$ cat coords01.txt   # compact mmCIF, N, CA and C atoms
# COMPACT_ATOMS: atom_id res chain seq x y z
N MET A 1 5.61 -8.23 -14.61
CA MET A 1 6.58 -7.76 -13.66
C MET A 1 7.07 -8.94 -12.83
N ILE A 2 8.34 -8.93 -12.47
CA ILE A 2 8.96 -10.05 -11.76
C ILE A 2 8.84 -9.87 -10.25
N LYS A 3 8.46 -10.95 -9.58
CA LYS A 3 8.36 -10.96 -8.12
C LYS A 3 9.74 -10.70 -7.52
N LEU A 4 9.81 -9.83 -6.52
CA LEU A 4 11.07 -9.52 -5.87
C LEU A 4 11.43 -10.60 -4.86
N SER A 5 12.74 -10.81 -4.68
CA SER A 5 13.21 -11.76 -3.67
C SER A 5 13.03 -11.14 -2.28
N SER A 6 13.12 -11.95 -1.27
CA SER A 6 13.01 -11.46 0.11
C SER A 6 14.08 -10.41 0.40
N GLU A 7 15.27 -10.63 -0.15
CA GLU A 7 16.37 -9.68 0.05
C GLU A 7 16.05 -8.34 -0.61
N GLN A 8 15.52 -8.37 -1.81
CA GLN A 8 15.15 -7.14 -2.50
C GLN A 8 14.04 -6.41 -1.76
N VAL A 9 13.06 -7.16 -1.28
CA VAL A 9 11.96 -6.56 -0.51
C VAL A 9 12.51 -5.86 0.73
N ALA A 10 13.45 -6.50 1.41
CA ALA A 10 14.03 -5.92 2.63
C ALA A 10 14.72 -4.58 2.32
N VAL A 11 15.42 -4.51 1.20
CA VAL A 11 16.09 -3.26 0.81
C VAL A 11 15.06 -2.16 0.58
N PHE A 12 14.02 -2.46 -0.18
CA PHE A 12 13.00 -1.46 -0.48
C PHE A 12 12.19 -1.07 0.75
N LEU A 13 11.96 -2.03 1.66
CA LEU A 13 11.21 -1.72 2.89
C LEU A 13 11.92 -0.67 3.73
N ASN A 14 13.24 -0.65 3.67
CA ASN A 14 14.00 0.35 4.43
C ASN A 14 13.71 1.77 3.96
N MET A 15 13.15 1.91 2.77
CA MET A 15 12.85 3.23 2.22
C MET A 15 11.44 3.70 2.57
N LEU A 16 10.66 2.82 3.21
CA LEU A 16 9.27 3.14 3.56
C LEU A 16 9.11 3.12 5.08
N SER A 17 8.25 3.98 5.58
CA SER A 17 8.02 4.08 7.01
C SER A 17 6.85 3.20 7.45
N ASN A 18 7.13 2.25 8.31
CA ASN A 18 6.12 1.40 8.97
C ASN A 18 5.34 0.47 8.05
N TRP A 19 5.83 0.20 6.86
CA TRP A 19 5.21 -0.82 6.03
C TRP A 19 5.77 -2.17 6.46
N LYS A 20 4.95 -3.21 6.33
CA LYS A 20 5.36 -4.57 6.70
C LYS A 20 5.24 -5.48 5.50
N TYR A 21 6.07 -6.50 5.49
CA TYR A 21 6.03 -7.53 4.45
C TYR A 21 5.62 -8.83 5.12
N GLU A 22 4.43 -9.31 4.76
CA GLU A 22 3.90 -10.55 5.33
C GLU A 22 3.09 -11.28 4.27
N ASN A 23 3.28 -12.58 4.17
CA ASN A 23 2.49 -13.41 3.26
C ASN A 23 2.47 -12.87 1.82
N ASN A 24 3.64 -12.48 1.33
CA ASN A 24 3.77 -11.95 -0.04
C ASN A 24 2.98 -10.67 -0.27
N ASN A 25 2.77 -9.88 0.78
CA ASN A 25 2.05 -8.61 0.69
C ASN A 25 2.81 -7.52 1.42
N LEU A 26 2.64 -6.30 0.96
CA LEU A 26 3.06 -5.12 1.72
C LEU A 26 1.81 -4.57 2.39
N THR A 27 1.90 -4.23 3.66
CA THR A 27 0.74 -3.68 4.36
C THR A 27 1.14 -2.52 5.26
N LYS A 28 0.19 -1.62 5.43
CA LYS A 28 0.35 -0.53 6.39
C LYS A 28 -1.03 -0.05 6.79
N THR A 29 -1.16 0.30 8.07
CA THR A 29 -2.40 0.87 8.58
C THR A 29 -2.16 2.34 8.92
N TYR A 30 -3.03 3.18 8.40
CA TYR A 30 -2.98 4.62 8.65
C TYR A 30 -4.14 4.99 9.56
N SER A 31 -3.89 5.88 10.52
CA SER A 31 -4.95 6.39 11.40
C SER A 31 -5.30 7.81 11.00
N HIS A 32 -6.57 8.13 11.08
CA HIS A 32 -7.07 9.46 10.72
C HIS A 32 -7.94 10.00 11.85
N LYS A 33 -8.29 11.27 11.76
CA LYS A 33 -9.06 11.92 12.81
C LYS A 33 -10.51 11.46 12.84
N SER A 34 -11.03 11.04 11.68
CA SER A 34 -12.44 10.66 11.61
C SER A 34 -12.66 9.69 10.46
N PHE A 35 -13.85 9.13 10.43
CA PHE A 35 -14.25 8.26 9.33
C PHE A 35 -14.22 9.04 8.01
N LYS A 36 -14.70 10.26 8.06
CA LYS A 36 -14.73 11.10 6.86
C LYS A 36 -13.31 11.33 6.33
N ASP A 37 -12.36 11.61 7.21
CA ASP A 37 -10.97 11.80 6.79
C ASP A 37 -10.39 10.50 6.20
N ALA A 38 -10.75 9.37 6.80
CA ALA A 38 -10.29 8.08 6.28
C ALA A 38 -10.81 7.85 4.87
N LEU A 39 -12.08 8.20 4.64
CA LEU A 39 -12.65 8.04 3.30
C LEU A 39 -11.99 8.97 2.29
N SER A 40 -11.68 10.17 2.69
CA SER A 40 -10.98 11.11 1.80
C SER A 40 -9.62 10.55 1.40
N PHE A 41 -8.92 9.97 2.36
CA PHE A 41 -7.63 9.35 2.11
C PHE A 41 -7.77 8.21 1.10
N VAL A 42 -8.78 7.38 1.27
CA VAL A 42 -9.02 6.27 0.35
C VAL A 42 -9.31 6.79 -1.06
N ASN A 43 -10.08 7.86 -1.15
CA ASN A 43 -10.36 8.43 -2.48
C ASN A 43 -9.10 8.93 -3.16
N GLU A 44 -8.17 9.49 -2.39
CA GLU A 44 -6.90 9.93 -2.96
C GLU A 44 -6.08 8.73 -3.44
N ILE A 45 -6.11 7.65 -2.67
CA ILE A 45 -5.41 6.43 -3.08
C ILE A 45 -6.02 5.89 -4.36
N ALA A 46 -7.34 5.95 -4.47
CA ALA A 46 -8.02 5.45 -5.67
C ALA A 46 -7.54 6.17 -6.93
N ILE A 47 -7.31 7.46 -6.83
CA ILE A 47 -6.81 8.22 -7.99
C ILE A 47 -5.43 7.71 -8.38
N LEU A 48 -4.54 7.55 -7.40
CA LEU A 48 -3.19 7.04 -7.69
C LEU A 48 -3.25 5.63 -8.28
N ALA A 49 -4.10 4.80 -7.71
CA ALA A 49 -4.21 3.41 -8.16
C ALA A 49 -4.71 3.33 -9.60
N GLU A 50 -5.69 4.15 -9.92
CA GLU A 50 -6.20 4.18 -11.30
C GLU A 50 -5.12 4.63 -12.28
N GLU A 51 -4.38 5.67 -11.90
CA GLU A 51 -3.31 6.16 -12.77
C GLU A 51 -2.24 5.10 -13.00
N ALA A 52 -1.95 4.31 -11.96
CA ALA A 52 -0.93 3.27 -12.05
C ALA A 52 -1.48 1.96 -12.60
N ASN A 53 -2.80 1.87 -12.73
CA ASN A 53 -3.46 0.61 -13.10
C ASN A 53 -2.98 -0.53 -12.19
N HIS A 54 -2.93 -0.22 -10.91
CA HIS A 54 -2.48 -1.18 -9.89
C HIS A 54 -3.31 -0.91 -8.64
N HIS A 55 -4.15 -1.85 -8.26
CA HIS A 55 -5.19 -1.60 -7.27
C HIS A 55 -4.96 -2.37 -5.97
N PRO A 56 -4.79 -1.65 -4.87
CA PRO A 56 -4.57 -2.30 -3.58
C PRO A 56 -5.88 -2.82 -2.98
N ASP A 57 -5.73 -3.72 -2.02
CA ASP A 57 -6.86 -4.08 -1.18
C ASP A 57 -6.90 -3.03 -0.08
N ILE A 58 -8.09 -2.54 0.22
CA ILE A 58 -8.25 -1.46 1.20
C ILE A 58 -9.32 -1.87 2.22
N LEU A 59 -8.94 -1.80 3.48
CA LEU A 59 -9.86 -2.09 4.58
C LEU A 59 -10.05 -0.82 5.39
N ILE A 60 -11.30 -0.38 5.52
CA ILE A 60 -11.62 0.81 6.31
C ILE A 60 -12.29 0.36 7.59
N GLN A 61 -11.72 0.77 8.72
CA GLN A 61 -12.30 0.47 10.03
C GLN A 61 -12.39 1.78 10.80
N HIS A 62 -13.53 2.40 10.70
CA HIS A 62 -13.80 3.71 11.30
C HIS A 62 -12.77 4.74 10.87
N ASP A 63 -11.77 5.02 11.71
CA ASP A 63 -10.79 6.05 11.38
C ASP A 63 -9.45 5.46 10.92
N ARG A 64 -9.41 4.16 10.71
CA ARG A 64 -8.19 3.49 10.27
C ARG A 64 -8.36 2.91 8.87
N VAL A 65 -7.30 2.99 8.09
CA VAL A 65 -7.29 2.45 6.73
C VAL A 65 -6.08 1.54 6.60
N THR A 66 -6.32 0.28 6.26
CA THR A 66 -5.22 -0.66 6.03
C THR A 66 -5.10 -0.91 4.54
N ILE A 67 -3.89 -0.69 4.04
CA ILE A 67 -3.59 -0.89 2.63
C ILE A 67 -2.79 -2.17 2.49
N THR A 68 -3.18 -3.01 1.54
CA THR A 68 -2.44 -4.23 1.23
C THR A 68 -2.11 -4.22 -0.25
N LEU A 69 -0.82 -4.35 -0.53
CA LEU A 69 -0.35 -4.34 -1.91
C LEU A 69 0.33 -5.65 -2.26
N THR A 70 0.00 -6.17 -3.42
CA THR A 70 0.68 -7.33 -4.01
C THR A 70 0.37 -7.30 -5.50
N THR A 71 1.21 -7.95 -6.27
CA THR A 71 0.98 -8.05 -7.70
C THR A 71 0.48 -9.47 -7.97
N HIS A 72 -0.81 -9.62 -8.14
CA HIS A 72 -1.44 -10.93 -8.25
C HIS A 72 -0.87 -11.75 -9.40
N ASP A 73 -0.62 -11.12 -10.54
CA ASP A 73 -0.08 -11.84 -11.69
C ASP A 73 1.30 -12.44 -11.41
N SER A 74 2.04 -11.80 -10.51
CA SER A 74 3.40 -12.26 -10.19
C SER A 74 3.44 -13.09 -8.91
N HIS A 75 2.30 -13.22 -8.26
CA HIS A 75 2.18 -14.01 -7.02
C HIS A 75 3.09 -13.48 -5.92
N GLY A 76 3.19 -12.17 -5.82
CA GLY A 76 4.00 -11.58 -4.76
C GLY A 76 4.25 -10.11 -4.99
N VAL A 77 5.21 -9.57 -4.28
CA VAL A 77 5.52 -8.15 -4.32
C VAL A 77 6.49 -7.85 -5.46
N THR A 78 6.18 -6.78 -6.19
CA THR A 78 7.03 -6.34 -7.30
C THR A 78 7.33 -4.85 -7.14
N GLY A 79 8.06 -4.32 -8.08
CA GLY A 79 8.35 -2.90 -8.09
C GLY A 79 7.09 -2.05 -8.15
N LYS A 80 6.03 -2.57 -8.79
CA LYS A 80 4.77 -1.82 -8.87
C LYS A 80 4.21 -1.55 -7.48
N ASP A 81 4.36 -2.52 -6.59
CA ASP A 81 3.84 -2.38 -5.23
C ASP A 81 4.60 -1.31 -4.46
N PHE A 82 5.93 -1.34 -4.58
CA PHE A 82 6.73 -0.34 -3.89
C PHE A 82 6.51 1.05 -4.48
N SER A 83 6.33 1.12 -5.76
CA SER A 83 6.07 2.42 -6.40
C SER A 83 4.78 3.03 -5.87
N LEU A 84 3.71 2.23 -5.81
CA LEU A 84 2.44 2.73 -5.31
C LEU A 84 2.53 3.05 -3.82
N ALA A 85 3.24 2.23 -3.06
CA ALA A 85 3.41 2.50 -1.62
C ALA A 85 4.10 3.84 -1.41
N GLN A 86 5.12 4.13 -2.21
CA GLN A 86 5.81 5.42 -2.09
C GLN A 86 4.87 6.58 -2.42
N GLN A 87 4.03 6.40 -3.40
CA GLN A 87 3.07 7.45 -3.75
C GLN A 87 2.04 7.65 -2.64
N ILE A 88 1.59 6.56 -2.06
CA ILE A 88 0.63 6.65 -0.95
C ILE A 88 1.25 7.38 0.22
N GLU A 89 2.52 7.16 0.47
CA GLU A 89 3.21 7.84 1.57
C GLU A 89 3.18 9.36 1.42
N THR A 90 3.14 9.84 0.21
CA THR A 90 3.12 11.29 -0.01
C THR A 90 1.77 11.90 0.35
N LEU A 91 0.73 11.07 0.49
CA LEU A 91 -0.62 11.56 0.80
C LEU A 91 -0.84 11.86 2.27
N LYS A 92 -0.06 11.26 3.12
CA LYS A 92 -0.25 11.39 4.58
C LYS A 92 -0.63 12.78 4.90
$ encode --input "coords01.txt" --output "structure tokens"
Amino acid sequence: MIKLSSEQVAVFLNMLSNWKYENNNLTKTYSHKSFKDALSFVNEIAILAEEANHHPDILIQHDRVTITLTTHDSHGVTGKDFSLAQQIETLK
């Protein structure tokens, strides 16, 4: 998959709520009611990631979950990252 240009990333970012583009990564932090709810959210992301064969970095901090997406083979953000981000948004 081909790495997207900064201009392409900006266009796609407008379609996502509160995602950020930094250091060739897409990131977003989600807040949940409890640690248990945060873990349930991560498990749902794991199912999507396995189906897409595209695995995000996930940081769990009590009731917050930070998702970081990048396509390592392409050394940056690709359509795969935006596709998974859109799917994750449906889990909220």
$ residues_around --input "coords01.txt" --residues "Thr68 (chain A)" --least-positions-apart "2" --cutoff "6 Å" --atoms "only C-alpha atoms" --output "PyMOL selection string"
chain A and resi 26-27+56-57
$ closest_residue --input "coords01.txt" --among "A:His75, A:His62, A:Ser83, A:Ala49" --to "Lys36 (chain A)" --atoms "all atoms listed in the file"
A:His62
$ residues_near_point --input "coords01.txt" --point "(2.4, 1.9, -9.4)" --cutoff "9 Å" --atoms "only C-alpha atoms" --output "ChimeraX atom specification"
/A:48-49,51-55,79-87
$ atom_distance --input "coords01.txt" --atom1 "atom C of Ile67 (chain A)" --atom2 "CA of Glu7 (chain A)"
20.7 Å
$ closest_residue --input "coords01.txt" --among "A:Met1, A:Val77, A:Ile45, A:Val65" --to "Lys33 (chain A)" --atoms "only C-alpha atoms"
A:Val65
$ select_by_dssp --input "coords01.txt" --residues "region 19-50 of chain A" --states "strand (DSSP E or B)" --output "list of chain:residue names"
A:Lys20, A:Tyr21, A:Glu22, A:Asn25, A:Leu26, A:Thr27, A:Lys28, A:Thr29, A:Tyr30, A:Ser31
$ closest_residue --input "coords01.txt" --among "A:Leu4, A:Ala38, A:Leu16, A:Ala10" --to "Arg64 (chain A)" --atoms "only N, CA and C atoms"
A:Ala38
$ atom_distance --input "coords01.txt" --atom1 "CA of Thr70 (chain A)" --atom2 "atom N of Ser34 (chain A)"
26.8 Å
$ closest_residue --input "coords01.txt" --among "A:Ser31, A:Ser5, A:Asn24, A:Asn14" --to "His72 (chain A)" --atoms "only C-alpha atoms"
A:Asn24
$ select_by_dssp --input "coords01.txt" --residues "chain A" --states "helix (DSSP H, G or I)" --output "JSON list (two decimals) with N, CA and C atoms, keeping the file's coordinate frame"
[["chain", "number", "residue", "atom", "x", "y", "z"],
["A", 6, "SER", "N", 13.12, -11.95, -1.27],
["A", 6, "SER", "CA", 13.01, -11.46, 0.11],
["A", 6, "SER", "C", 14.08, -10.41, 0.40],
["A", 7, "GLU", "N", 15.27, -10.63, -0.15],
["A", 7, "GLU", "CA", 16.37, -9.68, 0.05],
["A", 7, "GLU", "C", 16.05, -8.34, -0.61],
["A", 8, "GLN", "N", 15.52, -8.37, -1.81],
["A", 8, "GLN", "CA", 15.15, -7.14, -2.50],
["A", 8, "GLN", "C", 14.04, -6.41, -1.76],
["A", 9, "VAL", "N", 13.06, -7.16, -1.28],
["A", 9, "VAL", "CA", 11.96, -6.56, -0.51],
["A", 9, "VAL", "C", 12.51, -5.86, 0.73],
["A", 10, "ALA", "N", 13.45, -6.50, 1.41],
["A", 10, "ALA", "CA", 14.03, -5.92, 2.63],
["A", 10, "ALA", "C", 14.72, -4.58, 2.32],
["A", 11, "VAL", "N", 15.42, -4.51, 1.20],
["A", 11, "VAL", "CA", 16.09, -3.26, 0.81],
["A", 11, "VAL", "C", 15.06, -2.16, 0.58],
["A", 12, "PHE", "N", 14.02, -2.46, -0.18],
["A", 12, "PHE", "CA", 13.00, -1.46, -0.48],
["A", 12, "PHE", "C", 12.19, -1.07, 0.75],
["A", 13, "LEU", "N", 11.96, -2.03, 1.66],
["A", 13, "LEU", "CA", 11.21, -1.72, 2.89],
["A", 13, "LEU", "C", 11.92, -0.67, 3.73],
["A", 35, "PHE", "N", -13.85, 9.13, 10.43],
["A", 35, "PHE", "CA", -14.25, 8.26, 9.33],
["A", 35, "PHE", "C", -14.22, 9.04, 8.01],
["A", 36, "LYS", "N", -14.70, 10.26, 8.06],
["A", 36, "LYS", "CA", -14.73, 11.10, 6.86],
["A", 36, "LYS", "C", -13.31, 11.33, 6.33],
["A", 37, "ASP", "N", -12.36, 11.61, 7.21],
["A", 37, "ASP", "CA", -10.97, 11.80, 6.79],
["A", 37, "ASP", "C", -10.39, 10.50, 6.20],
["A", 38, "ALA", "N", -10.75, 9.37, 6.80],
["A", 38, "ALA", "CA", -10.29, 8.08, 6.28],
["A", 38, "ALA", "C", -10.81, 7.85, 4.87],
["A", 39, "LEU", "N", -12.08, 8.20, 4.64],
["A", 39, "LEU", "CA", -12.65, 8.04, 3.30],
["A", 39, "LEU", "C", -11.99, 8.97, 2.29],
["A", 40, "SER", "N", -11.68, 10.17, 2.69],
["A", 40, "SER", "CA", -10.98, 11.11, 1.80],
["A", 40, "SER", "C", -9.62, 10.55, 1.40],
["A", 41, "PHE", "N", -8.92, 9.97, 2.36],
["A", 41, "PHE", "CA", -7.63, 9.35, 2.11],
["A", 41, "PHE", "C", -7.77, 8.21, 1.10],
["A", 42, "VAL", "N", -8.78, 7.38, 1.27],
["A", 42, "VAL", "CA", -9.02, 6.27, 0.35],
["A", 42, "VAL", "C", -9.31, 6.79, -1.06],
["A", 43, "ASN", "N", -10.08, 7.86, -1.15],
["A", 43, "ASN", "CA", -10.36, 8.43, -2.48],
["A", 43, "ASN", "C", -9.10, 8.93, -3.16],
["A", 44, "GLU", "N", -8.17, 9.49, -2.39],
["A", 44, "GLU", "CA", -6.90, 9.93, -2.96],
["A", 44, "GLU", "C", -6.08, 8.73, -3.44],
["A", 45, "ILE", "N", -6.11, 7.65, -2.67],
["A", 45, "ILE", "CA", -5.41, 6.43, -3.08],
["A", 45, "ILE", "C", -6.02, 5.89, -4.36],
["A", 46, "ALA", "N", -7.34, 5.95, -4.47],
["A", 46, "ALA", "CA", -8.02, 5.45, -5.67],
["A", 46, "ALA", "C", -7.54, 6.17, -6.93],
["A", 47, "ILE", "N", -7.31, 7.46, -6.83],
["A", 47, "ILE", "CA", -6.81, 8.22, -7.99],
["A", 47, "ILE", "C", -5.43, 7.71, -8.38],
["A", 48, "LEU", "N", -4.54, 7.55, -7.40],
["A", 48, "LEU", "CA", -3.19, 7.04, -7.69],
["A", 48, "LEU", "C", -3.25, 5.63, -8.28],
["A", 49, "ALA", "N", -4.10, 4.80, -7.71],
["A", 49, "ALA", "CA", -4.21, 3.41, -8.16],
["A", 49, "ALA", "C", -4.71, 3.33, -9.60],
["A", 50, "GLU", "N", -5.69, 4.15, -9.92],
["A", 50, "GLU", "CA", -6.20, 4.18, -11.30],
["A", 50, "GLU", "C", -5.12, 4.63, -12.28],
["A", 51, "GLU", "N", -4.38, 5.67, -11.90],
["A", 51, "GLU", "CA", -3.31, 6.16, -12.77],
["A", 51, "GLU", "C", -2.24, 5.10, -13.00],
["A", 52, "ALA", "N", -1.95, 4.31, -11.96],
["A", 52, "ALA", "CA", -0.93, 3.27, -12.05],
["A", 52, "ALA", "C", -1.48, 1.96, -12.60],
["A", 72, "HIS", "N", -0.81, -9.62, -8.14],
["A", 72, "HIS", "CA", -1.44, -10.93, -8.25],
["A", 72, "HIS", "C", -0.87, -11.75, -9.40],
["A", 73, "ASP", "N", -0.62, -11.12, -10.54],
["A", 73, "ASP", "CA", -0.08, -11.84, -11.69],
["A", 73, "ASP", "C", 1.30, -12.44, -11.41],
["A", 74, "SER", "N", 2.04, -11.80, -10.51],
["A", 74, "SER", "CA", 3.40, -12.26, -10.19],
["A", 74, "SER", "C", 3.44, -13.09, -8.91],
["A", 79, "GLY", "N", 8.06, -4.32, -8.08],
["A", 79, "GLY", "CA", 8.35, -2.90, -8.09],
["A", 79, "GLY", "C", 7.09, -2.05, -8.15],
["A", 80, "LYS", "N", 6.03, -2.57, -8.79],
["A", 80, "LYS", "CA", 4.77, -1.82, -8.87],
["A", 80, "LYS", "C", 4.21, -1.55, -7.48],
["A", 81, "ASP", "N", 4.36, -2.52, -6.59],
["A", 81, "ASP", "CA", 3.84, -2.38, -5.23],
["A", 81, "ASP", "C", 4.60, -1.31, -4.46],
["A", 82, "PHE", "N", 5.93, -1.34, -4.58],
["A", 82, "PHE", "CA", 6.73, -0.34, -3.89],
["A", 82, "PHE", "C", 6.51, 1.05, -4.48],
["A", 83, "SER", "N", 6.33, 1.12, -5.76],
["A", 83, "SER", "CA", 6.07, 2.42, -6.40],
["A", 83, "SER", "C", 4.78, 3.03, -5.87],
["A", 84, "LEU", "N", 3.71, 2.23, -5.81],
["A", 84, "LEU", "CA", 2.44, 2.73, -5.31],
["A", 84, "LEU", "C", 2.53, 3.05, -3.82],
["A", 85, "ALA", "N", 3.24, 2.23, -3.06],
["A", 85, "ALA", "CA", 3.41, 2.50, -1.62],
["A", 85, "ALA", "C", 4.10, 3.84, -1.41],
["A", 86, "GLN", "N", 5.12, 4.13, -2.21],
["A", 86, "GLN", "CA", 5.81, 5.42, -2.09],
["A", 86, "GLN", "C", 4.87, 6.58, -2.42],
["A", 87, "GLN", "N", 4.03, 6.40, -3.40],
["A", 87, "GLN", "CA", 3.07, 7.45, -3.75],
["A", 87, "GLN", "C", 2.04, 7.65, -2.64],
["A", 88, "ILE", "N", 1.59, 6.56, -2.06],
["A", 88, "ILE", "CA", 0.63, 6.65, -0.95],
["A", 88, "ILE", "C", 1.25, 7.38, 0.22],
["A", 89, "GLU", "N", 2.52, 7.16, 0.47],
["A", 89, "GLU", "CA", 3.21, 7.84, 1.57],
["A", 89, "GLU", "C", 3.18, 9.36, 1.42]]
$ atom_distance --input "coords01.txt" --atom1 "atom C of His32 (chain A)" --atom2 "atom C of Gln61 (chain A)"
9.4 Å
$ closest_residue --input "coords01.txt" --among "A:Thr71, A:Thr66, A:Thr78, A:Gln8" --to "Lys28 (chain A)" --atoms "only N, CA and C atoms"
A:Thr66
$ closest_residue --input "coords01.txt" --among "A:Asn23, A:Asp63, A:Asn18, A:Phe12" --to "Phe35 (chain A)" --atoms "only C-alpha atoms"
A:Asp63
$ build_atoms --input "coords01.txt" --residues "region 31-39 of chain A" --atoms "all heavy atoms" --output "PDB file, keeping the file's coordinate frame"
ATOM      1  N   SER A  31      -3.890   5.880  10.520  1.00  0.00           N
ATOM      2  CA  SER A  31      -4.950   6.390  11.400  1.00  0.00           C
ATOM      3  C   SER A  31      -5.300   7.810  11.000  1.00  0.00           C
ATOM      4  O   SER A  31      -4.410   8.600  10.648  1.00  0.00           O
ATOM      5  CB  SER A  31      -4.487   6.376  12.857  1.00  0.00           C
ATOM      6  OG  SER A  31      -4.311   5.049  13.279  1.00  0.00           O
ATOM      7  N   HIS A  32      -6.570   8.130  11.080  1.00  0.00           N
ATOM      8  CA  HIS A  32      -7.070   9.460  10.720  1.00  0.00           C
ATOM      9  C   HIS A  32      -7.940  10.000  11.850  1.00  0.00           C
ATOM     10  O   HIS A  32      -8.304   9.272  12.774  1.00  0.00           O
ATOM     11  CB  HIS A  32      -7.854   9.382   9.411  1.00  0.00           C
ATOM     12  CG  HIS A  32      -6.994   8.950   8.268  1.00  0.00           C
ATOM     13  ND1 HIS A  32      -6.207   9.817   7.564  1.00  0.00           N
ATOM     14  CD2 HIS A  32      -6.764   7.725   7.744  1.00  0.00           C
ATOM     15  CE1 HIS A  32      -5.532   9.159   6.637  1.00  0.00           C
ATOM     16  NE2 HIS A  32      -5.853   7.887   6.731  1.00  0.00           N
ATOM     17  N   LYS A  33      -8.290  11.270  11.760  1.00  0.00           N
ATOM     18  CA  LYS A  33      -9.060  11.920  12.810  1.00  0.00           C
ATOM     19  C   LYS A  33     -10.510  11.460  12.840  1.00  0.00           C
ATOM     20  O   LYS A  33     -11.158  11.487  13.882  1.00  0.00           O
ATOM     21  CB  LYS A  33      -9.018  13.436  12.646  1.00  0.00           C
ATOM     22  CG  LYS A  33      -7.646  14.014  12.892  1.00  0.00           C
ATOM     23  CD  LYS A  33      -7.644  15.509  12.703  1.00  0.00           C
ATOM     24  CE  LYS A  33      -6.252  16.070  12.914  1.00  0.00           C
ATOM     25  NZ  LYS A  33      -6.192  17.502  12.705  1.00  0.00           N
ATOM     26  N   SER A  34     -11.030  11.040  11.680  1.00  0.00           N
ATOM     27  CA  SER A  34     -12.440  10.660  11.610  1.00  0.00           C
ATOM     28  C   SER A  34     -12.660   9.690  10.460  1.00  0.00           C
ATOM     29  O   SER A  34     -11.782   9.490   9.610  1.00  0.00           O
ATOM     30  CB  SER A  34     -13.302  11.907  11.389  1.00  0.00           C
ATOM     31  OG  SER A  34     -13.033  12.449  10.102  1.00  0.00           O
ATOM     32  N   PHE A  35     -13.850   9.130  10.430  1.00  0.00           N
ATOM     33  CA  PHE A  35     -14.250   8.260   9.330  1.00  0.00           C
ATOM     34  C   PHE A  35     -14.220   9.040   8.010  1.00  0.00           C
ATOM     35  O   PHE A  35     -13.746   8.542   6.991  1.00  0.00           O
ATOM     36  CB  PHE A  35     -15.644   7.703   9.607  1.00  0.00           C
ATOM     37  CG  PHE A  35     -16.162   6.787   8.531  1.00  0.00           C
ATOM     38  CD1 PHE A  35     -15.612   5.533   8.331  1.00  0.00           C
ATOM     39  CD2 PHE A  35     -17.224   7.185   7.733  1.00  0.00           C
ATOM     40  CE1 PHE A  35     -16.094   4.683   7.342  1.00  0.00           C
ATOM     41  CE2 PHE A  35     -17.714   6.344   6.742  1.00  0.00           C
ATOM     42  CZ  PHE A  35     -17.144   5.090   6.553  1.00  0.00           C
ATOM     43  N   LYS A  36     -14.700  10.260   8.060  1.00  0.00           N
ATOM     44  CA  LYS A  36     -14.730  11.100   6.860  1.00  0.00           C
ATOM     45  C   LYS A  36     -13.310  11.330   6.330  1.00  0.00           C
ATOM     46  O   LYS A  36     -13.077  11.260   5.116  1.00  0.00           O
ATOM     47  CB  LYS A  36     -15.407  12.440   7.178  1.00  0.00           C
ATOM     48  CG  LYS A  36     -15.552  13.354   5.995  1.00  0.00           C
ATOM     49  CD  LYS A  36     -16.275  14.630   6.397  1.00  0.00           C
ATOM     50  CE  LYS A  36     -16.328  15.598   5.241  1.00  0.00           C
ATOM     51  NZ  LYS A  36     -16.984  16.854   5.604  1.00  0.00           N
ATOM     52  N   ASP A  37     -12.360  11.610   7.210  1.00  0.00           N
ATOM     53  CA  ASP A  37     -10.970  11.800   6.790  1.00  0.00           C
ATOM     54  C   ASP A  37     -10.390  10.500   6.200  1.00  0.00           C
ATOM     55  O   ASP A  37      -9.641  10.530   5.233  1.00  0.00           O
ATOM     56  CB  ASP A  37     -10.098  12.251   7.962  1.00  0.00           C
ATOM     57  CG  ASP A  37     -10.373  13.680   8.380  1.00  0.00           C
ATOM     58  OD1 ASP A  37     -10.995  14.442   7.595  1.00  0.00           O
ATOM     59  OD2 ASP A  37      -9.970  14.044   9.507  1.00  0.00           O
ATOM     60  N   ALA A  38     -10.750   9.370   6.800  1.00  0.00           N
ATOM     61  CA  ALA A  38     -10.290   8.080   6.280  1.00  0.00           C
ATOM     62  C   ALA A  38     -10.810   7.850   4.870  1.00  0.00           C
ATOM     63  O   ALA A  38     -10.074   7.402   3.982  1.00  0.00           O
ATOM     64  CB  ALA A  38     -10.736   6.948   7.215  1.00  0.00           C
ATOM     65  N   LEU A  39     -12.080   8.200   4.640  1.00  0.00           N
ATOM     66  CA  LEU A  39     -12.650   8.040   3.300  1.00  0.00           C
ATOM     67  C   LEU A  39     -11.990   8.970   2.290  1.00  0.00           C
ATOM     68  O   LEU A  39     -11.751   8.578   1.142  1.00  0.00           O
ATOM     69  CB  LEU A  39     -14.158   8.292   3.336  1.00  0.00           C
ATOM     70  CG  LEU A  39     -14.999   7.184   3.943  1.00  0.00           C
ATOM     71  CD1 LEU A  39     -16.466   7.595   3.965  1.00  0.00           C
ATOM     72  CD2 LEU A  39     -14.820   5.886   3.214  1.00  0.00           C
TER      73      LEU A  39
END
